[in-house]
file entry-v3.txt (compact mmCIF, C-alpha atoms)
# COMPACT_ATOMS: atom_id res chain seq x y z
CA MET A 17 -21.33 -73.24 44.55
CA THR A 18 -25.00 -72.62 45.41
CA GLU A 19 -27.55 -71.17 43.10
CA GLU A 20 -27.84 -68.02 45.20
CA ALA A 21 -24.15 -67.37 44.89
CA GLN A 22 -24.40 -67.71 41.12
CA ASN A 23 -27.46 -65.51 40.71
CA GLY A 24 -26.56 -62.88 43.31
CA PRO A 25 -24.17 -60.81 41.23
CA ARG A 26 -26.39 -61.23 38.13
CA LYS A 27 -29.35 -59.69 39.92
CA GLN A 28 -27.22 -56.82 41.11
CA ARG A 29 -26.04 -56.19 37.55
CA MET A 30 -29.44 -56.40 35.87
CA GLY A 31 -31.38 -54.56 38.49
CA ASN A 32 -31.07 -51.13 40.06
CA ALA A 33 -27.56 -51.15 41.46
CA ALA A 34 -28.12 -47.97 43.42
CA ALA A 35 -31.02 -49.58 45.28
CA THR A 36 -29.52 -53.04 45.89
CA ASN A 37 -26.03 -51.78 46.79
CA PRO A 38 -26.26 -48.69 48.98
CA SER A 39 -22.53 -48.50 49.31
CA ALA A 40 -22.16 -47.79 45.59
CA SER A 41 -23.68 -44.32 45.96
CA ALA A 42 -20.87 -43.25 48.28
CA PRO A 43 -17.57 -42.73 46.45
CA ALA A 44 -15.52 -43.12 49.62
CA GLN A 45 -16.71 -46.66 50.08
CA ILE A 46 -15.64 -47.82 46.64
CA GLN A 47 -12.02 -47.68 47.74
CA GLU A 48 -12.62 -50.34 50.43
CA PRO A 49 -10.93 -53.67 49.66
CA ALA A 50 -13.21 -56.32 48.20
CA LYS A 51 -14.00 -59.50 50.04
CA PRO A 52 -12.07 -62.60 49.07
CA SER A 53 -15.18 -64.35 47.79
CA ALA A 54 -16.22 -61.44 45.53
CA ALA A 55 -13.37 -61.76 43.04
CA PRO A 56 -14.08 -65.38 42.03
CA VAL A 57 -17.75 -64.61 41.69
CA ALA A 58 -17.03 -61.67 39.43
CA LYS A 59 -14.68 -63.74 37.29
CA LYS A 60 -17.21 -66.54 36.93
CA THR A 61 -19.90 -64.09 36.10
CA ARG A 62 -17.65 -62.50 33.45
CA MET A 63 -16.81 -65.91 32.02
CA SER A 64 -20.42 -67.10 32.10
CA ALA A 65 -22.57 -67.93 29.13
CA THR A 66 -24.19 -64.50 29.08
CA PRO A 67 -21.38 -62.07 28.14
CA VAL A 68 -23.76 -59.89 26.17
CA GLN A 69 -25.42 -58.77 29.38
CA SER A 70 -22.23 -58.23 31.36
CA GLU A 71 -19.90 -56.42 28.90
CA PRO A 72 -22.30 -53.70 27.76
CA ARG A 73 -22.97 -52.89 31.38
CA GLU A 74 -19.29 -52.49 32.06
CA THR A 75 -18.78 -50.23 29.03
CA ALA A 76 -21.88 -48.19 29.74
CA ALA A 77 -20.66 -47.07 33.11
CA PRO A 78 -17.46 -45.49 31.80
CA SER A 79 -19.44 -43.79 29.00
CA ARG A 80 -21.63 -42.10 31.60
CA THR A 81 -18.55 -41.08 33.51
CA ARG A 82 -16.99 -39.56 30.34
CA MET A 83 -20.05 -37.68 29.17
CA GLY A 84 -21.61 -36.63 32.43
CA GLY A 85 -18.70 -36.76 34.80
CA ASN A 86 -20.73 -38.75 37.39
CA PRO A 87 -18.22 -40.48 39.66
CA THR A 88 -20.96 -42.36 41.58
CA ALA A 89 -22.12 -44.50 38.65
CA PRO A 90 -21.97 -48.17 39.80
CA THR A 91 -20.16 -50.96 38.01
CA ALA A 92 -20.17 -54.72 38.25
CA SER A 93 -17.38 -54.83 40.83
CA PRO A 94 -15.03 -52.33 42.49
CA ASP A 95 -11.98 -54.23 41.19
CA SER A 96 -13.04 -54.01 37.55
CA GLN A 97 -13.92 -50.31 37.88
CA SER A 98 -10.88 -49.00 39.67
CA GLU A 99 -8.34 -48.99 36.84
CA PRO A 100 -10.53 -47.77 33.89
CA ALA A 101 -12.25 -45.19 36.08
CA ALA A 102 -8.90 -43.80 37.20
CA ARG A 103 -7.84 -43.38 33.57
CA LEU A 104 -11.08 -41.64 32.67
CA ARG A 105 -10.91 -39.31 35.64
CA SER A 106 -7.28 -38.40 34.91
CA SER A 107 -8.02 -37.74 31.21
CA ALA A 108 -11.07 -35.67 32.12
CA GLU A 109 -9.05 -33.64 34.61
CA ILE A 110 -6.31 -33.03 32.03
CA SER A 111 -8.80 -31.92 29.38
CA GLN A 112 -10.56 -29.63 31.86
CA THR A 113 -7.29 -28.01 32.92
CA GLN A 114 -5.91 -27.64 29.39
CA ALA A 115 -9.00 -26.48 27.50
CA PRO A 116 -9.41 -23.14 29.33
CA ARG A 117 -5.74 -22.36 28.71
CA ALA A 118 -5.73 -23.18 24.98
CA ALA A 119 -8.77 -21.08 24.07
CA PRO A 120 -7.36 -17.68 25.14
CA ARG A 121 -4.15 -18.32 23.18
CA THR A 122 -6.13 -18.77 19.97
CA SER A 123 -8.62 -15.98 20.52
CA ASN A 124 -6.13 -13.43 21.86
CA ARG A 125 -3.32 -14.09 19.37
CA MET A 126 -3.72 -10.81 17.47
CA PRO A 127 -4.25 -8.59 20.58
CA ASN A 128 -1.22 -10.21 22.19
CA ALA A 129 0.87 -9.55 19.09
CA ILE A 130 -0.20 -5.91 19.10
CA LEU A 131 0.63 -5.61 22.79
CA VAL A 132 4.05 -7.12 22.19
CA ARG A 133 4.78 -4.60 19.44
CA LEU A 134 3.59 -1.72 21.60
CA SER A 135 5.71 -2.95 24.48
CA ASN A 136 8.77 -3.10 22.23
CA ILE A 137 8.46 0.59 21.37
CA GLN A 138 10.95 2.65 23.34
CA TRP A 139 8.42 4.96 24.91
CA LYS A 140 10.97 6.41 27.31
CA ARG A 141 12.75 7.93 24.32
CA ILE A 142 9.78 8.72 22.11
CA LEU A 143 7.60 10.54 24.64
CA PRO A 144 10.29 13.03 25.73
CA PHE A 145 11.17 13.61 22.08
CA LEU A 146 7.54 14.34 21.18
CA GLY A 147 7.15 16.57 24.21
CA GLY A 148 10.28 18.50 23.31
CA LEU A 149 9.10 18.80 19.69
CA ILE A 150 5.78 20.29 20.78
CA VAL A 151 7.48 22.74 23.12
CA ALA A 152 9.91 23.79 20.37
CA ALA A 153 7.07 24.31 17.86
CA VAL A 154 5.06 26.46 20.26
CA THR A 155 8.15 28.48 21.13
CA LEU A 156 8.94 29.01 17.44
CA VAL A 157 5.42 30.26 16.71
CA LEU A 158 5.46 32.68 19.64
CA LEU A 159 8.93 33.95 18.75
CA SER A 160 7.99 34.44 15.08
CA ARG A 161 4.86 36.38 15.94
CA TRP A 162 6.84 38.59 18.30
CA LEU A 163 9.42 39.25 15.57
CA ARG A 164 6.70 40.22 13.13
CA SER A 165 5.52 42.88 15.56
CA LEU A 166 8.85 44.72 15.34
CA PRO A 167 8.93 47.69 12.88
CA GLU A 168 12.22 46.60 11.29
CA VAL A 169 10.87 43.13 10.56
CA GLN A 170 7.66 44.55 9.12
CA SER A 171 9.70 46.73 6.78
CA PHE A 172 11.75 43.66 5.76
CA LEU A 173 8.56 41.73 4.95
CA LEU A 174 7.29 44.58 2.79
CA THR A 175 10.55 44.74 0.84
CA PHE A 176 10.79 40.96 0.44
CA PRO A 177 7.29 39.48 0.50
CA GLY A 178 8.60 35.97 -0.28
CA ASN A 179 8.19 35.86 -4.06
CA PRO A 180 11.47 35.58 -6.00
CA THR A 181 12.18 37.41 -9.19
CA LEU A 182 11.61 35.21 -12.27
CA PRO A 183 12.96 35.65 -15.79
CA GLU A 184 10.66 37.56 -18.12
CA SER A 185 10.28 34.49 -20.33
CA ALA A 186 9.08 32.30 -17.49
CA PRO A 187 6.05 30.24 -18.61
CA THR A 188 2.57 30.59 -17.17
CA GLY A 189 0.58 27.62 -16.00
CA LEU A 190 1.52 23.95 -15.74
CA PRO A 191 1.77 21.57 -18.72
CA ALA A 192 -0.10 18.26 -18.91
CA TRP A 193 3.05 16.17 -18.52
CA MET A 194 3.53 17.67 -15.06
CA GLY A 195 0.37 15.87 -13.92
CA TRP A 196 1.48 12.33 -14.66
CA GLN A 197 4.98 13.21 -13.45
CA HIS A 198 3.50 14.11 -10.07
CA PHE A 199 1.79 10.72 -9.94
CA LEU A 200 4.84 8.71 -11.04
CA ASN A 201 7.17 10.49 -8.63
CA MET A 202 4.81 9.80 -5.73
CA PHE A 203 4.26 6.21 -6.90
CA PHE A 204 7.95 5.31 -7.11
CA LEU A 205 8.93 7.26 -4.02
CA VAL A 206 6.44 5.42 -1.80
CA LEU A 207 7.57 2.00 -3.01
CA ILE A 208 11.27 2.88 -2.88
CA VAL A 209 11.05 4.14 0.68
CA ARG A 210 9.08 1.03 1.69
CA THR A 211 11.52 -1.45 0.17
CA GLY A 212 14.49 0.56 1.40
CA LEU A 213 13.27 0.34 4.99
CA GLN A 214 12.65 -3.37 4.51
CA VAL A 215 16.23 -3.89 3.33
CA ARG A 216 17.53 -1.93 6.30
CA HIS A 217 15.48 -3.71 8.98
CA GLU A 218 14.75 -7.21 7.70
CA LYS A 219 16.47 -9.95 9.71
CA LYS A 220 15.78 -12.78 7.31
CA ALA A 221 15.35 -12.15 3.62
CA PRO A 222 12.50 -13.98 1.85
CA ALA A 223 15.00 -15.22 -0.73
CA SER A 224 18.39 -14.47 -2.26
CA PHE A 225 18.79 -13.22 -5.82
CA THR A 226 21.81 -13.87 -8.02
CA PRO A 227 21.67 -12.17 -11.44
CA LYS A 228 22.55 -14.04 -14.58
CA GLU A 229 26.01 -13.33 -15.86
CA GLY A 230 25.89 -10.77 -18.64
CA SER A 231 22.31 -9.76 -17.80
CA PHE A 232 20.99 -6.28 -17.06
CA PHE A 233 21.73 -6.58 -13.31
CA SER A 234 25.22 -8.02 -13.95
CA PRO A 235 26.75 -6.56 -17.12
CA LYS A 236 29.70 -8.08 -18.91
CA GLY A 237 32.94 -7.71 -17.04
CA SER A 238 31.34 -7.83 -13.59
CA THR A 239 30.85 -10.76 -11.25
CA PRO A 240 27.22 -11.57 -10.37
CA LYS A 241 26.59 -10.34 -6.84
CA LYS A 242 24.22 -12.20 -4.54
CA VAL A 243 21.68 -9.92 -2.84
CA SER A 244 18.35 -10.34 -1.09
CA LEU A 245 15.12 -10.42 -3.06
CA THR A 246 14.02 -7.22 -1.32
CA GLN A 247 17.21 -5.45 -2.34
CA TRP A 248 16.72 -6.57 -5.93
CA LEU A 249 13.17 -5.14 -5.89
CA HIS A 250 14.47 -1.90 -4.37
CA GLN A 251 17.12 -1.66 -7.07
CA SER A 252 14.56 -2.36 -9.83
CA LEU A 253 12.29 0.40 -8.56
CA ASP A 254 15.27 2.74 -8.43
CA VAL A 255 15.90 2.07 -12.11
CA LEU A 256 12.34 3.02 -13.00
CA TRP A 257 12.50 6.11 -10.78
CA VAL A 258 15.77 7.26 -12.35
CA LEU A 259 14.37 6.72 -15.84
CA ASN A 260 11.30 8.77 -14.96
CA GLY A 261 13.55 11.45 -13.45
CA LEU A 262 15.56 11.74 -16.64
CA ILE A 263 12.35 12.25 -18.62
CA PHE A 264 11.30 14.87 -16.07
CA ILE A 265 14.58 16.79 -16.41
CA VAL A 266 14.38 16.77 -20.21
CA LEU A 267 10.78 18.02 -20.25
CA LEU A 268 11.62 20.57 -17.56
CA PHE A 269 14.14 22.29 -19.81
CA VAL A 270 12.27 21.76 -23.07
CA THR A 271 9.17 23.53 -21.76
CA SER A 272 11.14 26.17 -19.78
CA GLN A 273 9.51 25.09 -16.52
CA TRP A 274 12.97 25.00 -14.93
CA MET A 275 12.72 28.79 -14.48
CA LYS A 276 10.19 28.22 -11.68
CA ILE A 277 12.44 26.00 -9.58
CA VAL A 278 15.98 27.13 -10.43
CA PRO A 279 17.06 30.38 -8.71
CA THR A 280 18.22 33.02 -11.18
CA ASN A 281 18.32 36.03 -8.85
CA LEU A 282 20.04 36.53 -5.49
CA ASP A 283 16.87 37.99 -3.98
CA VAL A 284 15.75 34.37 -3.52
CA ILE A 285 17.67 34.26 -0.22
CA PRO A 286 15.97 37.17 1.61
CA ASN A 287 12.63 36.17 0.12
CA ALA A 288 13.14 32.62 1.42
CA LEU A 289 13.83 34.00 4.91
CA SER A 290 10.68 36.10 4.65
CA ALA A 291 8.59 33.11 3.58
CA ALA A 292 10.04 30.98 6.40
CA LEU A 293 9.14 33.64 8.96
CA GLN A 294 5.60 33.88 7.60
CA TYR A 295 5.16 30.10 7.75
CA ALA A 296 6.54 29.95 11.29
CA SER A 297 4.14 32.66 12.50
CA LEU A 298 1.17 30.73 10.98
CA ASP A 299 0.42 33.74 8.75
CA TRP A 300 1.40 32.06 5.51
CA PRO A 301 2.62 33.94 2.43
CA HIS A 302 0.34 34.49 -0.51
CA GLU A 303 1.13 32.04 -3.29
CA ASN A 304 -0.16 31.03 -6.69
CA GLY A 305 1.39 27.80 -7.93
CA TRP A 306 -0.13 28.34 -11.35
CA LEU A 307 2.14 31.34 -11.90
CA TYR A 308 5.11 30.97 -9.54
CA TYR A 309 6.41 29.34 -6.34
CA ASN A 310 7.55 31.34 -3.36
CA ALA A 311 11.28 31.49 -2.68
CA LEU A 312 11.22 28.79 0.01
CA GLN A 313 9.35 26.42 -2.30
CA MET A 314 11.77 27.19 -5.12
CA LEU A 315 14.78 26.28 -2.98
CA ALA A 316 13.05 23.11 -1.74
CA TYR A 317 12.24 21.95 -5.29
CA PHE A 318 15.72 22.79 -6.51
CA THR A 319 17.31 20.86 -3.63
CA THR A 320 15.08 17.84 -4.24
CA VAL A 321 15.59 17.61 -8.00
CA PHE A 322 19.20 18.69 -8.44
CA LEU A 323 20.86 17.76 -5.13
CA ALA A 324 18.96 15.09 -3.18
CA ALA A 325 18.08 12.93 -6.18
CA PRO A 326 21.69 12.72 -7.50
CA LEU A 327 22.96 11.94 -3.99
CA ALA A 328 20.42 9.14 -3.67
CA ILE A 329 21.50 7.69 -7.02
CA LEU A 330 25.25 7.88 -6.34
CA SER A 331 25.00 6.43 -2.86
CA GLY A 332 22.58 3.72 -3.97
CA MET A 333 24.87 2.72 -6.81
CA ARG A 334 27.47 1.70 -4.23
CA PHE A 335 25.11 -0.99 -2.83
CA SER A 336 23.82 -2.21 -6.18
CA THR A 337 24.79 -5.28 -8.16
CA TRP A 338 26.44 -3.01 -10.72
CA TRP A 339 29.25 -1.89 -8.43
CA PRO A 340 32.56 -3.47 -9.51
CA ASP A 341 33.70 -5.08 -6.26
CA LYS A 342 36.87 -6.41 -7.86
CA ASN A 343 38.04 -2.87 -8.51
CA GLY A 344 39.78 -2.37 -5.18
CA ARG A 345 41.05 1.12 -6.04
CA LEU A 346 37.57 2.43 -6.84
CA SER A 347 36.10 0.79 -3.74
CA LYS A 348 38.84 2.40 -1.64
CA ILE A 349 38.12 5.83 -3.08
CA TYR A 350 34.40 5.43 -2.43
CA PRO A 351 34.00 3.12 0.61
CA VAL A 352 30.62 1.64 1.38
CA GLU A 353 30.55 3.32 4.80
CA ILE A 354 30.38 6.77 3.20
CA ALA A 355 27.57 5.67 0.90
CA ARG A 356 25.64 4.30 3.87
CA LYS A 357 26.01 7.56 5.79
CA VAL A 358 24.64 9.48 2.80
CA HIS A 359 21.90 7.17 1.51
CA TYR A 360 19.75 6.89 4.63
CA PRO A 361 19.69 10.64 5.52
CA VAL A 362 18.76 11.43 1.92
CA MET A 363 15.85 9.02 2.24
CA LEU A 364 14.74 10.82 5.41
CA TYR A 365 14.91 14.12 3.52
CA PHE A 366 12.59 12.77 0.82
CA VAL A 367 10.12 11.60 3.47
CA ALA A 368 10.19 14.98 5.26
CA PHE A 369 9.81 16.85 1.97
CA THR A 370 6.80 14.72 0.99
CA VAL A 371 5.09 15.17 4.35
CA VAL A 372 5.51 18.96 4.33
CA HIS A 373 4.55 19.16 0.65
CA VAL A 374 1.31 17.21 1.12
CA PHE A 375 0.47 19.21 4.25
CA LEU A 376 0.80 22.53 2.42
CA VAL A 377 -1.13 21.28 -0.59
CA PHE A 378 -4.15 20.45 1.57
CA PHE A 379 -4.00 23.46 3.87
CA THR A 380 -3.43 26.17 1.26
CA GLY A 381 -6.38 25.36 -1.01
CA ALA A 382 -6.62 21.62 -1.61
CA LEU A 383 -9.02 21.61 -4.59
CA ARG A 384 -7.14 24.27 -6.55
CA ASN A 385 -3.71 22.82 -5.78
CA LEU A 386 -4.73 19.27 -6.70
CA ASN A 387 -6.11 20.50 -10.02
CA HIS A 388 -2.80 22.25 -10.67
CA MET A 389 -0.87 19.08 -9.91
CA TYR A 390 -3.00 16.38 -11.52
CA THR A 391 -5.26 17.97 -14.15
CA SER A 392 -3.17 21.05 -15.22
CA ARG A 393 -6.19 23.35 -14.76
CA ASP A 394 -6.49 26.54 -12.72
CA VAL A 395 -10.00 25.83 -11.44
CA VAL A 396 -11.65 24.85 -8.17
CA ASP A 397 -13.59 21.61 -8.56
CA TRP A 398 -13.43 17.99 -7.39
CA VAL A 399 -11.75 16.47 -10.45
CA GLY A 400 -8.22 16.89 -9.14
CA LEU A 401 -9.16 15.34 -5.80
CA GLY A 402 -10.73 12.38 -7.60
CA VAL A 403 -7.58 11.81 -9.64
CA PHE A 404 -5.49 12.05 -6.49
CA ILE A 405 -7.63 9.42 -4.73
CA LEU A 406 -7.36 7.17 -7.78
CA SER A 407 -3.57 7.52 -7.67
CA LEU A 408 -3.62 6.44 -4.02
CA VAL A 409 -5.62 3.33 -4.94
CA VAL A 410 -3.12 2.43 -7.66
CA THR A 411 -0.22 2.95 -5.26
CA ALA A 412 -1.90 0.77 -2.62
CA ALA A 413 -2.39 -2.00 -5.20
CA ALA A 414 1.28 -1.79 -6.16
CA TRP A 415 2.16 -1.96 -2.46
CA ILE A 416 0.42 -5.34 -2.31
CA LEU A 417 2.02 -6.57 -5.54
CA THR A 418 5.51 -5.93 -4.19
CA LYS A 419 5.19 -8.90 -1.83
CA PRO A 420 7.50 -11.88 -2.50
CA LEU A 421 4.58 -13.94 -3.75
CA PHE A 422 4.37 -11.71 -6.82
CA THR A 423 7.98 -10.57 -7.18
CA ARG A 424 9.52 -14.07 -7.22
CA PRO A 425 8.35 -14.98 -10.77
CA LEU A 426 9.59 -11.64 -12.07
CA ALA A 427 12.97 -11.96 -10.38
CA GLU A 428 13.50 -15.45 -11.80
CA ARG A 429 13.52 -13.97 -15.31
CA PHE A 430 16.66 -11.99 -14.49
CA GLY A 431 18.48 -14.45 -12.25
CA THR A 432 18.21 -17.37 -9.85
CA LEU A 433 16.58 -17.45 -6.42
CA SER A 434 17.83 -19.39 -3.45
CA LYS A 435 17.23 -19.52 0.27
call {"tool": "encode", "arguments": {"input": "entry-v3.txt", "output": "structure tokens"}}
result
Amino acid sequence: MTEEAQNGPRKQRMGNAAATNPSASAPAQIQEPAKPSAAPVAKKTRMSATPVQSEPRETAAPSRTRMGGNPTAPTASPDSQSEPAARLRSSAEISQTQAPRAAPRTSNRMPNAILVRLSNIQWKRILPFLGGLIVAAVTLVLLSRWLRSLPEVQSFLLTFPGNPTLPESAPTGLPAWMGWQHFLNMFFLVLIVRTGLQVRHEKKAPASFTPKEGSFFSPKGSTPKKVSLTQWLHQSLDVLWVLNGLIFIVLLFVTSQWMKIVPTNLDVIPNALSAALQYASLDWPHENGWLYYNALQMLAYFTTVFLAAPLAILSGMRFSTWWPDKNGRLSKIYPVEIARKVHYPVMLYFVAFTVVHVFLVFFTGALRNLNHMYTSRDVVDWVGLGVFILSLVVTAAAWILTKPLFTRPLAERFGTLSK
């Protein structure tokens, strides 16, 4: 082989390839088949005594193609470039097509989740229901105001202004224990309703709880019943709520405060109708919670304490780990289906009562009412509101602590956890 044939490819590699090989600047010409004499020359050049000059040149070209995406960068020979360049171009095309798709999935994960939840809401049922509720409320207000314009109804309102007759020995004011009872009842009620809804709607429990035999949640003579961790937490909160309710009932009768919420005169019925008409017409009855409750409030408190609470306890007992499942006769007398039909509506009653109660507290003199409820003082200042906000903070903290991360260690003291 002549000296020119040996040095020709070396000059092309060391010099400016774009200038010496015009065909390299055109990508379409790279695909032309190489001449028969070019392949042996390239092999001899690659196997020559100067591999340091040839190999870096061959690796430099692909690096420029990867970083800059320049498909016209020349290489030592079209044969040596075709296969690596095809791989680089295919990988670059894949990365360019995949990268724009992956970024929106990461950045829009939360908005997409919110949109999915909103789309799952049955708007076709909710919107007509809300529309009908608004129409019914407006109709009720207009009808009540028309009734109050009638002479007979005005005479009825004068005879029964809405305040029931109380015993002469009825106490005045609110004791201090009523303040922390208000807080504890709200605290337990919020957590009980939350865990109860979780038990009703959860598809996969975070864990299963089996009480120890002979322990508090499985007394002697009963078989330990396996329940979800959420149901165990719900049952534990129920125990605390019932214990607080028993203390409330005892103090209610010891301090004679029961006279304010237990009807003792039949005039409570017409006075309750009068109060309901005044509320519906948006001309609310005059009230002074420091001295008495109007007849409608009295009936609502009596229903909550002496009817709804016992129904919640009796129906909840049927689902608890204390129920003797082996007693077939007792289970037949009180089937679980009846308990289920009672328990959930009672929970809805407690939610409705709380919503209406809080609404009236804030729209009939918030500062005075909150002082009555939380500080046992008949004054108008910001102390009661501050205590109420503090109680909300404590309840929110307890809301966080009821997550499985914190309830697992506590549950393991009373039983075993499993998947």
call {"tool": "atom_distance", "arguments": {"input": "entry-v3.txt", "atom1": "CA of Tyr390 (chain A)", "atom2": "CA of His198 (chain A)"}}
result
7.0 Å
call {"tool": "closest_residue", "arguments": {"input": "entry-v3.txt", "among": "A:Ala382, A:Leu433, A:Val396, A:Leu267", "to": "Pro420 (chain A)", "atoms": "all atoms listed in the file"}}
result
A:Leu433
call {"tool": "residues_near_point", "arguments": {"input": "entry-v3.txt", "point": "(16.6, 17.2, -5.8)", "cutoff": "12 Å", "atoms": "all atoms listed in the file", "output": "short mmCIF file (atom, residue, chain, number, x, y, z; two decimals) with C-alpha atoms, in the coordinates of the input"}}
result
data_model
loop_
_atom_site.label_atom_id
_atom_site.label_comp_id
_atom_site.auth_asym_id
_atom_site.auth_seq_id
_atom_site.Cartn_x
_atom_site.Cartn_y
_atom_site.Cartn_z
CA ASN A 201 7.17 10.49 -8.63
CA VAL A 258 15.77 7.26 -12.35
CA GLY A 261 13.55 11.45 -13.45
CA PHE A 264 11.30 14.87 -16.07
CA ILE A 265 14.58 16.79 -16.41
CA ILE A 277 12.44 26.00 -9.58
CA VAL A 278 15.98 27.13 -10.43
CA MET A 314 11.77 27.19 -5.12
CA LEU A 315 14.78 26.28 -2.98
CA ALA A 316 13.05 23.11 -1.74
CA TYR A 317 12.24 21.95 -5.29
CA PHE A 318 15.72 22.79 -6.51
CA THR A 319 17.31 20.86 -3.63
CA THR A 320 15.08 17.84 -4.24
CA VAL A 321 15.59 17.61 -8.00
CA PHE A 322 19.20 18.69 -8.44
CA LEU A 323 20.86 17.76 -5.13
CA ALA A 324 18.96 15.09 -3.18
CA ALA A 325 18.08 12.93 -6.18
CA PRO A 326 21.69 12.72 -7.50
CA LEU A 327 22.96 11.94 -3.99
CA ALA A 328 20.42 9.14 -3.67
CA ILE A 329 21.50 7.69 -7.02
CA VAL A 362 18.76 11.43 1.92
CA MET A 363 15.85 9.02 2.24
CA TYR A 365 14.91 14.12 3.52
CA PHE A 366 12.59 12.77 0.82
CA PHE A 369 9.81 16.85 1.97
#
call {"tool": "residues_around", "arguments": {"input": "entry-v3.txt", "residues": "Asp254 (chain A)", "least_positions_apart": "6", "cutoff": "10 Å", "atoms": "all atoms listed in the file", "output": "list of chain:residue names"}}
result
A:Phe204, A:Leu205, A:Leu207, A:Ile208, A:Trp248, A:Asn260, A:Ala328, A:Ile329, A:Gly332, A:Met333
call {"tool": "atom_distance", "arguments": {"input": "entry-v3.txt", "atom1": "CA of Met202 (chain A)", "atom2": "CA of Trp306 (chain A)"}}
result
20.0 Å
call {"tool": "residues_around", "arguments": {"input": "entry-v3.txt", "residues": "Pro235 (chain A)", "least_positions_apart": "3", "cutoff": "12 Å", "atoms": "all atoms listed in the file", "output": "ChimeraX atom specification"}}
result
/A:227-232,238-241,337-340,430
call {"tool": "atom_distance", "arguments": {"input": "entry-v3.txt", "atom1": "CA of Asp299 (chain A)", "atom2": "CA of Ser160 (chain A)"}}
result
9.9 Å
call {"tool": "decode", "arguments": {"input": "entry-v3.txt", "residues": "region 171-175 of chain A", "atoms": "all heavy atoms", "output": "PDB file, in the first residue's frame"}}
result
ATOM      1  N   SER A 171    -102.066  36.984  68.701  1.00  0.00           N
ATOM      2  CA  SER A 171    -102.588  36.739  70.049  1.00  0.00           C
ATOM      3  C   SER A 171    -101.941  35.499  70.670  1.00  0.00           C
ATOM      4  O   SER A 171    -101.633  35.477  71.870  1.00  0.00           O
ATOM      5  CB  SER A 171    -104.108  36.568  69.984  1.00  0.00           C
ATOM      6  OG  SER A 171    -104.624  36.246  71.258  1.00  0.00           O
ATOM      7  N   PHE A 172    -101.719  34.453  69.833  1.00  0.00           N
ATOM      8  CA  PHE A 172    -101.062  33.241  70.329  1.00  0.00           C
ATOM      9  C   PHE A 172     -99.625  33.537  70.785  1.00  0.00           C
ATOM     10  O   PHE A 172     -99.184  33.026  71.828  1.00  0.00           O
ATOM     11  CB  PHE A 172    -101.066  32.196  69.217  1.00  0.00           C
ATOM     12  CG  PHE A 172    -100.279  30.964  69.541  1.00  0.00           C
ATOM     13  CD1 PHE A 172    -100.802  29.974  70.365  1.00  0.00           C
ATOM     14  CD2 PHE A 172     -98.999  30.786  69.031  1.00  0.00           C
ATOM     15  CE1 PHE A 172    -100.079  28.844  70.670  1.00  0.00           C
ATOM     16  CE2 PHE A 172     -98.263  29.648  69.333  1.00  0.00           C
ATOM     17  CZ  PHE A 172     -98.800  28.673  70.154  1.00  0.00           C
ATOM     18  N   LEU A 173     -98.915  34.376  70.047  1.00  0.00           N
ATOM     19  CA  LEU A 173     -97.543  34.716  70.419  1.00  0.00           C
ATOM     20  C   LEU A 173     -97.487  35.529  71.699  1.00  0.00           C
ATOM     21  O   LEU A 173     -96.529  35.420  72.476  1.00  0.00           O
ATOM     22  CB  LEU A 173     -96.866  35.477  69.272  1.00  0.00           C
ATOM     23  CG  LEU A 173     -96.647  34.685  67.976  1.00  0.00           C
ATOM     24  CD1 LEU A 173     -96.030  35.583  66.913  1.00  0.00           C
ATOM     25  CD2 LEU A 173     -95.776  33.469  68.231  1.00  0.00           C
ATOM     26  N   LEU A 174     -98.514  36.349  71.947  1.00  0.00           N
ATOM     27  CA  LEU A 174     -98.540  37.113  73.186  1.00  0.00           C
ATOM     28  C   LEU A 174     -98.826  36.205  74.377  1.00  0.00           C
ATOM     29  O   LEU A 174     -98.288  36.400  75.477  1.00  0.00           O
ATOM     30  CB  LEU A 174     -99.599  38.215  73.101  1.00  0.00           C
ATOM     31  CG  LEU A 174     -99.293  39.372  72.153  1.00  0.00           C
ATOM     32  CD1 LEU A 174    -100.483  40.339  72.085  1.00  0.00           C
ATOM     33  CD2 LEU A 174     -98.049  40.124  72.629  1.00  0.00           C
ATOM     34  N   THR A 175     -99.686  35.215  74.189  1.00  0.00           N
ATOM     35  CA  THR A 175    -100.011  34.300  75.282  1.00  0.00           C
ATOM     36  C   THR A 175     -98.868  33.354  75.583  1.00  0.00           C
ATOM     37  O   THR A 175     -98.572  33.065  76.759  1.00  0.00           O
ATOM     38  CB  THR A 175    -101.280  33.503  74.937  1.00  0.00           C
ATOM     39  OG1 THR A 175    -102.340  34.396  74.596  1.00  0.00           O
ATOM     40  CG2 THR A 175    -101.698  32.636  76.111  1.00  0.00           C
TER      41      THR A 175
END
